[in-house]
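S.K.: Data: coords.txt, compact mmCIF, C-alpha atoms.
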# COMPACT_ATOMS: atom_id res chain seq x y z
CA SER A 1 25.60 97.67 96.57
CA GLN A 2 29.18 98.87 96.77
CA GLN A 3 30.02 102.27 98.11
CA GLY A 4 33.63 103.01 97.46
CA GLU A 5 36.30 102.54 94.91
CA GLU A 6 39.75 101.83 96.21
CA ASP A 7 42.84 102.97 94.44
CA PRO A 8 45.15 101.28 93.72
CA GLN A 9 43.69 97.78 93.50
CA ALA A 10 47.10 96.31 94.27
CA LEU A 11 50.23 97.78 95.77
CA SER A 12 53.66 96.19 96.21
CA ILE A 13 56.32 97.88 98.30
CA GLN A 14 59.46 97.14 100.28
CA GLU A 15 59.62 97.03 104.04
CA GLY A 16 60.20 100.46 105.49
CA GLU A 17 58.40 102.26 102.69
CA ASN A 18 55.12 104.08 103.13
CA ALA A 19 51.90 102.76 101.60
CA THR A 20 49.05 105.02 100.57
CA MET A 21 45.62 103.76 99.64
CA ASN A 22 42.73 105.87 98.47
CA CYS A 23 39.00 105.38 98.70
CA SER A 24 36.13 107.23 97.09
CA TYR A 25 32.49 106.95 98.03
CA LYS A 26 29.23 108.05 96.57
CA THR A 27 26.79 109.08 99.28
CA SER A 28 26.84 111.25 102.37
CA ILE A 29 28.37 109.59 105.40
CA ASN A 30 28.42 109.80 109.18
CA ASN A 31 31.84 108.24 109.30
CA LEU A 32 34.28 106.22 107.25
CA GLN A 33 36.15 103.21 108.53
CA TRP A 34 39.16 101.26 107.35
CA TYR A 35 39.50 97.53 107.83
CA ARG A 36 42.25 95.01 107.20
CA GLN A 37 41.73 91.42 106.11
CA ASN A 38 44.46 88.83 106.16
CA SER A 39 44.23 85.97 103.67
CA GLY A 40 40.47 86.17 103.21
CA ARG A 41 39.75 85.75 106.89
CA GLY A 42 37.87 87.96 109.35
CA LEU A 43 38.04 91.72 109.28
CA VAL A 44 40.09 93.77 111.69
CA HIS A 45 38.92 97.31 112.38
CA LEU A 46 41.77 99.78 111.96
CA ILE A 47 40.45 103.28 112.34
CA LEU A 48 37.29 105.36 112.11
CA ILE A 49 37.09 108.97 111.01
CA ARG A 50 33.95 111.00 111.50
CA SER A 51 32.49 113.15 108.76
CA ASN A 52 33.47 116.32 110.64
CA GLU A 53 37.10 115.26 110.99
CA ARG A 54 39.76 115.81 108.37
CA GLU A 55 42.65 113.74 109.69
CA LYS A 56 43.20 111.07 112.27
CA HIS A 57 46.22 109.13 113.48
CA SER A 58 46.62 105.77 115.14
CA GLY A 59 50.13 104.43 115.53
CA ARG A 60 51.59 104.04 112.04
CA LEU A 61 48.23 104.79 110.43
CA ARG A 62 47.11 108.15 109.17
CA VAL A 63 43.68 108.64 107.66
CA THR A 64 42.41 111.71 105.88
CA LEU A 65 38.88 112.53 104.82
CA ASP A 66 37.72 115.04 102.25
CA THR A 67 33.94 115.12 102.27
CA SER A 68 33.82 117.68 99.47
CA LYS A 69 35.55 115.17 97.20
CA LYS A 70 33.95 112.16 98.88
CA SER A 71 37.35 110.57 99.32
CA SER A 72 39.63 109.23 102.00
CA SER A 73 43.20 108.03 102.15
CA LEU A 74 44.96 105.57 104.42
CA LEU A 75 48.68 105.96 104.92
CA ILE A 76 50.72 103.23 106.55
CA THR A 77 54.16 104.48 107.45
CA ALA A 78 57.29 102.35 107.74
CA SER A 79 55.55 99.27 106.34
CA ARG A 80 56.34 95.81 107.64
CA ALA A 81 55.90 92.41 106.06
CA ALA A 82 53.10 91.80 108.59
CA ASP A 83 51.14 94.64 106.97
CA THR A 84 50.61 92.43 103.92
CA ALA A 85 46.83 92.17 103.66
CA SER A 86 43.79 93.56 101.89
CA TYR A 87 42.52 96.92 103.07
CA PHE A 88 38.93 98.10 102.71
CA CYS A 89 37.16 101.34 103.40
CA ALA A 90 33.55 101.17 104.54
CA THR A 91 30.83 103.71 105.18
CA ASP A 92 27.34 103.77 106.62
CA GLU A 93 25.92 105.79 103.73
CA GLY A 94 24.84 108.53 106.13
CA GLN A 95 22.52 106.37 108.17
CA ALA A 96 23.89 105.76 111.63
CA GLY A 97 23.57 102.21 112.81
CA THR A 98 22.93 100.60 109.45
CA ALA A 99 25.04 98.09 107.59
CA LEU A 100 28.48 99.07 106.38
CA ILE A 101 28.99 99.28 102.66
CA PHE A 102 32.48 98.34 101.56
CA GLY A 103 34.78 99.57 98.85
CA LYS A 104 36.54 97.20 96.49
CA GLY A 105 39.74 97.09 98.50
CA THR A 106 43.47 97.41 97.98
CA THR A 107 45.73 94.39 98.24
CA LEU A 108 49.01 95.41 99.83
CA SER A 109 52.12 93.27 99.56
CA VAL A 110 55.14 94.24 101.65
CA SER A 111 58.31 92.36 100.89
CA SER A 112 61.36 92.16 103.10
CA SER B 1 32.90 95.03 121.93
CA ALA B 2 30.97 91.88 121.15
CA VAL B 3 32.59 88.54 120.37
CA ILE B 4 31.13 86.46 117.56
CA SER B 5 31.49 82.74 117.10
CA GLN B 6 30.84 81.80 113.49
CA LYS B 7 30.50 78.19 112.39
CA PRO B 8 31.56 76.37 110.36
CA SER B 9 34.84 78.03 109.51
CA ARG B 10 34.95 76.24 106.19
CA ASP B 11 33.09 73.57 104.27
CA ILE B 12 33.15 71.81 100.93
CA CYS B 13 29.68 71.02 99.68
CA GLN B 14 28.11 69.25 96.75
CA ARG B 15 26.10 71.29 94.30
CA GLY B 16 22.38 71.17 94.92
CA THR B 17 22.75 70.87 98.67
CA SER B 18 22.30 73.52 101.35
CA LEU B 19 24.57 74.79 104.11
CA THR B 20 23.53 76.62 107.24
CA ILE B 21 26.00 79.04 108.79
CA GLN B 22 25.61 80.05 112.41
CA CYS B 23 26.65 83.18 114.26
CA GLN B 24 26.52 83.28 118.04
CA VAL B 25 27.17 86.58 119.81
CA ASP B 26 28.26 86.83 123.43
CA SER B 27 25.90 89.73 124.10
CA GLN B 28 22.51 90.89 122.95
CA VAL B 29 22.60 92.91 119.77
CA THR B 30 19.78 94.46 117.84
CA MET B 31 21.15 94.41 114.35
CA MET B 32 23.02 91.65 112.58
CA PHE B 33 24.23 91.67 109.01
CA TRP B 34 25.29 88.98 106.57
CA TYR B 35 27.87 89.55 103.86
CA ARG B 36 29.25 87.57 100.97
CA GLN B 37 32.81 87.91 99.74
CA GLN B 38 33.44 86.27 96.42
CA PRO B 39 37.00 85.21 95.59
CA GLY B 40 39.27 88.23 95.26
CA GLN B 41 36.40 90.62 95.80
CA SER B 42 35.13 92.92 98.49
CA LEU B 43 32.26 92.33 100.90
CA THR B 44 28.74 92.61 99.57
CA LEU B 45 25.82 92.98 101.94
CA ILE B 46 23.31 90.15 101.62
CA ALA B 47 20.77 91.17 104.23
CA THR B 48 20.08 92.83 107.54
CA ALA B 49 18.54 90.62 110.22
CA ASN B 50 16.69 92.13 113.15
CA GLN B 51 15.20 90.01 115.87
CA GLY B 52 11.46 89.57 115.57
CA SER B 53 11.15 90.69 111.99
CA GLU B 54 11.83 89.40 108.52
CA ALA B 55 15.31 89.97 107.19
CA THR B 56 15.74 92.79 104.71
CA TYR B 57 17.54 91.65 101.57
CA GLU B 58 19.70 93.70 99.27
CA SER B 59 19.19 93.85 95.55
CA GLY B 60 20.30 90.63 93.94
CA PHE B 61 19.67 88.46 96.99
CA VAL B 62 16.41 86.61 97.68
CA ILE B 63 15.00 84.83 100.68
CA ASP B 64 14.50 81.55 98.84
CA LYS B 65 18.21 81.35 98.12
CA PHE B 66 19.51 82.83 101.37
CA PRO B 67 16.96 82.24 104.12
CA ILE B 68 17.92 83.87 107.41
CA SER B 69 16.72 83.16 110.90
CA ARG B 70 17.06 85.46 113.90
CA PRO B 71 15.34 83.69 116.78
CA ASN B 72 16.82 85.89 119.52
CA LEU B 73 19.18 88.78 120.16
CA THR B 74 22.33 86.64 120.28
CA PHE B 75 21.96 84.23 117.39
CA SER B 76 21.37 84.13 113.65
CA THR B 77 21.73 81.67 110.81
CA LEU B 78 22.19 82.09 107.09
CA THR B 79 21.40 79.19 104.79
CA VAL B 80 22.84 78.98 101.32
CA SER B 81 20.30 76.87 99.44
CA ASN B 82 20.55 74.73 96.33
CA MET B 83 24.20 75.58 96.00
CA SER B 84 26.12 75.94 92.78
CA PRO B 85 29.84 76.58 92.26
CA GLU B 86 29.03 80.30 91.90
CA ASP B 87 28.12 80.32 95.59
CA SER B 88 31.71 79.54 96.52
CA SER B 89 32.59 82.50 98.71
CA ILE B 90 33.40 83.60 102.20
CA TYR B 91 30.29 84.43 104.19
CA LEU B 92 30.59 86.74 107.18
CA CYS B 93 28.20 87.91 109.82
CA SER B 94 28.50 91.24 111.55
CA VAL B 95 26.80 92.89 114.48
CA LEU B 96 26.21 96.45 115.43
CA THR B 97 27.41 97.24 118.92
CA HIS B 98 27.89 100.36 120.96
CA ASN B 99 31.08 101.83 122.33
CA ARG B 100 32.07 105.08 123.95
CA ALA B 101 34.31 106.27 121.17
CA THR B 102 31.87 106.12 118.31
CA ASN B 103 28.55 105.48 119.99
CA TYR B 104 28.29 102.50 117.69
CA GLY B 105 30.66 100.08 116.07
CA TYR B 106 30.78 96.84 114.16
CA THR B 107 32.18 93.43 114.95
CA PHE B 108 32.69 90.72 112.35
CA GLY B 109 32.71 86.97 112.59
CA SER B 110 35.77 85.12 111.36
CA GLY B 111 33.97 84.00 108.22
CA THR B 112 32.86 80.75 106.63
CA ARG B 113 34.82 79.72 103.56
CA LEU B 114 32.43 77.77 101.34
CA THR B 115 33.52 75.75 98.34
CA VAL B 116 30.86 74.16 96.17
CA VAL B 117 31.96 71.30 93.94
Could I get this file's structure written as C-alpha cells?

M.R.:
Amino acid sequence: SQQGEEDPQALSIQEGENATMNCSYKTSINNLQWYRQNSGRGLVHLILIRSNEREKHSGRLRVTLDTSKKSSSLLITASRAADTASYFCATDEGQAGTALIFGKGTTLSVSS
Amino acid sequence: SAVISQKPSRDICQRGTSLTIQCQVDSQVTMMFWYRQQPGQSLTLIATANQGSEATYESGFVIDKFPISRPNLTFSTLTVSNMSPEDSSIYLCSVLTHNRATNYGYTFGSGTRLTVV
C-alpha cells in the first residue's frame, strides 16, 4: 500500500534557490518522516515530525505538518547541487513501531 | 542506531532463477521489514518479518514468490523466486530500532539492485 502523494513529482531549480515539496497522506499518524535517496541507493533519514508538532527545523530543512489536512511540506533552503536526489515522506499509519509506508516521492534536480 | 549489512549490492540474474538477499544487523532487533522499489518508483512494503513467527505479507505479495527467513534477531533473508524481468527492482531491508529522540526509529540497508534478463 502507498500512503502519501508527493507534489511535485519532479522539481528542477538553480543552486541557491529554495525547494518545496509537499506530501499528503490518508490515515492517522503518530509521526511523519522525510527521507532522501541518492541515485536509487539506500535511504537517508532527514527529519521526523510528530503528530502534535506543526513545524520543525534541522539545518537548511524546514518541515511543516497539518494533521487537519493530512499534509506535510519539506522546504530546503539555499539548495546545493548535492541536494539533487529523490525525497520521500513516510508515515507509520498511526501504529507505532510498524512498517513505514512511503509516498511516491519528489525528484529534485539542483543545477549549478 | 543499528547498522545493516545488505548483500548482494547488485546482481544480474537469468529469468526463472532465484536470488536470496541477506540482511545482517549489528544488534538485536525485533522487527524487520522488506521493501521493493521498482524503477523510478517509491518503496512498497513486501512483508514484515519477526523472529520466531511467519512473515506477514502485504497485499500483492505471496510467500511462494518472496519467501522470507528470520532465524534470529540479527539476520533475515528475502528470496525472489522464479524471477522474471518484472522483478527487476531495488530490494531494501529495514529494521525498527529505538532511540531517545523518537523512542523508535528506522534504519535501512543500502539496497540490492536486481536486474533480471

S.K.: Point out the residue among B:Leu114, B:Ile68, B:Leu73, B:Val29 with the least atom-to-atom distance to Gly97 in chain A, counting only C-alpha atoms.

M.R.: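 Of B:Leu114, B:Ile68, B:Leu73, B:Val29, the one nearest Gly97 in chain A is B:Val29, counting only C-alpha atoms.
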
S.K.: Which chain B residues are at most 6 Å from chain A (counting all atoms listed in the file), as a PyMOL selection string?

M.R.: chain B and resi 42+110-111

S.K.: Might you pull out every residue within 6 Å of Ala81 in chain A, with all atoms listed in the file counted and same-chain residues fewer than 2 positions away left off, and present them as a PDB file with C-alpha atoms, in the coordinates of the input?

M.R.:
ATOM      1  CA  ASP A  83      51.140  94.640 106.970  1.00  0.00           C
ATOM      2  CA  THR A  84      50.610  92.430 103.920  1.00  0.00           C
ATOM      3  CA  VAL A 110      55.140  94.240 101.650  1.00  0.00           C
ATOM      4  CA  SER A 111      58.310  92.360 100.890  1.00  0.00           C
TER       5      SER A 111
END

S.K.: Rounded to one decimal place, report the CA of Tyr91 in chain B-CA of Val25 in chain B distance in Å.

M.R.: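 Pair CA of Tyr91 in chain B / CA of Val25 in chain B returns 16.1 Å.
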
S.K.: Just how far from CA of Gln14 in chain A is CA of Arg80 in chain A, in Å to one decimal?

M.R.: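 Going from CA of Arg80 in chain A over to CA of Gln14 in chain A, I get 8.1 Å.
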
S.K.: Need the shell around Leu61 in chain A: protein/DNA/RNA residues with any atom at most 9 Å away, counting only C-alpha atoms. Skip same-chain ones fewer than 2 positions apart. Format as a tab-separated table (two decimals) with C-alpha atoms, keeping the file's coordinate frame?

M.R.:
chain	number	residue	atom	x	y	z
A	46	LEU	CA	41.77	99.78	111.96
A	47	ILE	CA	40.45	103.28	112.34
A	56	LYS	CA	43.20	111.07	112.27
A	57	HIS	CA	46.22	109.13	113.48
A	58	SER	CA	46.62	105.77	115.14
A	59	GLY	CA	50.13	104.43	115.53
A	63	VAL	CA	43.68	108.64	107.66
A	74	LEU	CA	44.96	105.57	104.42
A	75	LEU	CA	48.68	105.96	104.92
A	76	ILE	CA	50.72	103.23	106.55
A	77	THR	CA	54.16	104.48	107.45

S.K.: Using all atoms listed in the file, give me every residue within 6 Å of (46.7, 93.3, 109.4) in file coordinates, as a ChimeraX atom specification.

M.R.: /A:36,38,83,85

S.K.: Find the residues around Ser27 in chain B up to 8 Å (all atoms listed in the file counted), leave out those fewer than 3 positions away in its own chain, and share them as a ChimeraX atom specification.

M.R.: /B:2-3,73-74

S.K.: If we count all atoms listed in the file and set the cut-off at 10 Å, which residues sit around Asp11 in chain B, ignoring sequence neighbours fewer than 5 positions away in its own chain? Please answer as a PyMOL selection string.

M.R.: chain B and resi 19+88+112-116

S.K.: In Å, how far is it from CA of Gln22 in chain B to CA of Leu78 in chain B?

M.R.: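 CA of Gln22 in chain B sits 6.6 Å away from CA of Leu78 in chain B.
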
S.K.: Kindly indicate which residue among B:Gln24, B:Gln38, B:Thr17, B:Ser5 lies nearest to Lys65 in chain B, using all atoms listed in the file for the distances.

M.R.: B:Thr17

S.K.: Please determine the residues with any atom at most 6 Å from (50.9, 93.7, 96.7) (coordinates as given in the file, with only C-alpha atoms counting) and report them as a PyMOL selection string.

M.R.: chain A and resi 10-12+107-109

S.K.: Name the closest residue to Thr91 in chain A among the candidates B:Pro67, B:Gly60, B:Gly16, B:Gly105; distances are taken between atoms, counting all atoms listed in the file.

M.R.: B:Gly105

S.K.: Closest to Asp64 in chain B among B:Gln28, B:Ser81, B:Gln41, B:Gln6, using all atoms listed in the file?

M.R.: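 Checking each candidate against Asp64 in chain B, we get B:Ser81 as the closest.
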
S.K.: Which one is closest to Tyr106 in chain B: A:Trp34, A:Ser51, A:Pro8, A:Gly94? Count all atoms listed in the file.

M.R.: A:Trp34

S.K.: Could you give me, as a list in words, the residues within 8 Å of range 52-55 of chain B, counting only C-alpha atoms and dropping anything in the same chain fewer than 4 positions from it?

M.R.: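 Here the qualifying residues turn out to be Ala47, Thr48, Ile68, Ser69, Arg70, Pro71 and Asn72 of chain B.
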
S.K.: Taking all atoms listed in the file into account, which of B:Met83, B:Ile90, B:Leu96, B:Ile12 comes nearest Asp92 in chain A?

M.R.: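 Going through B:Met83, B:Ile90, B:Leu96, B:Ile12 one by one, the smallest distance to Asp92 in chain A is for B:Leu96.
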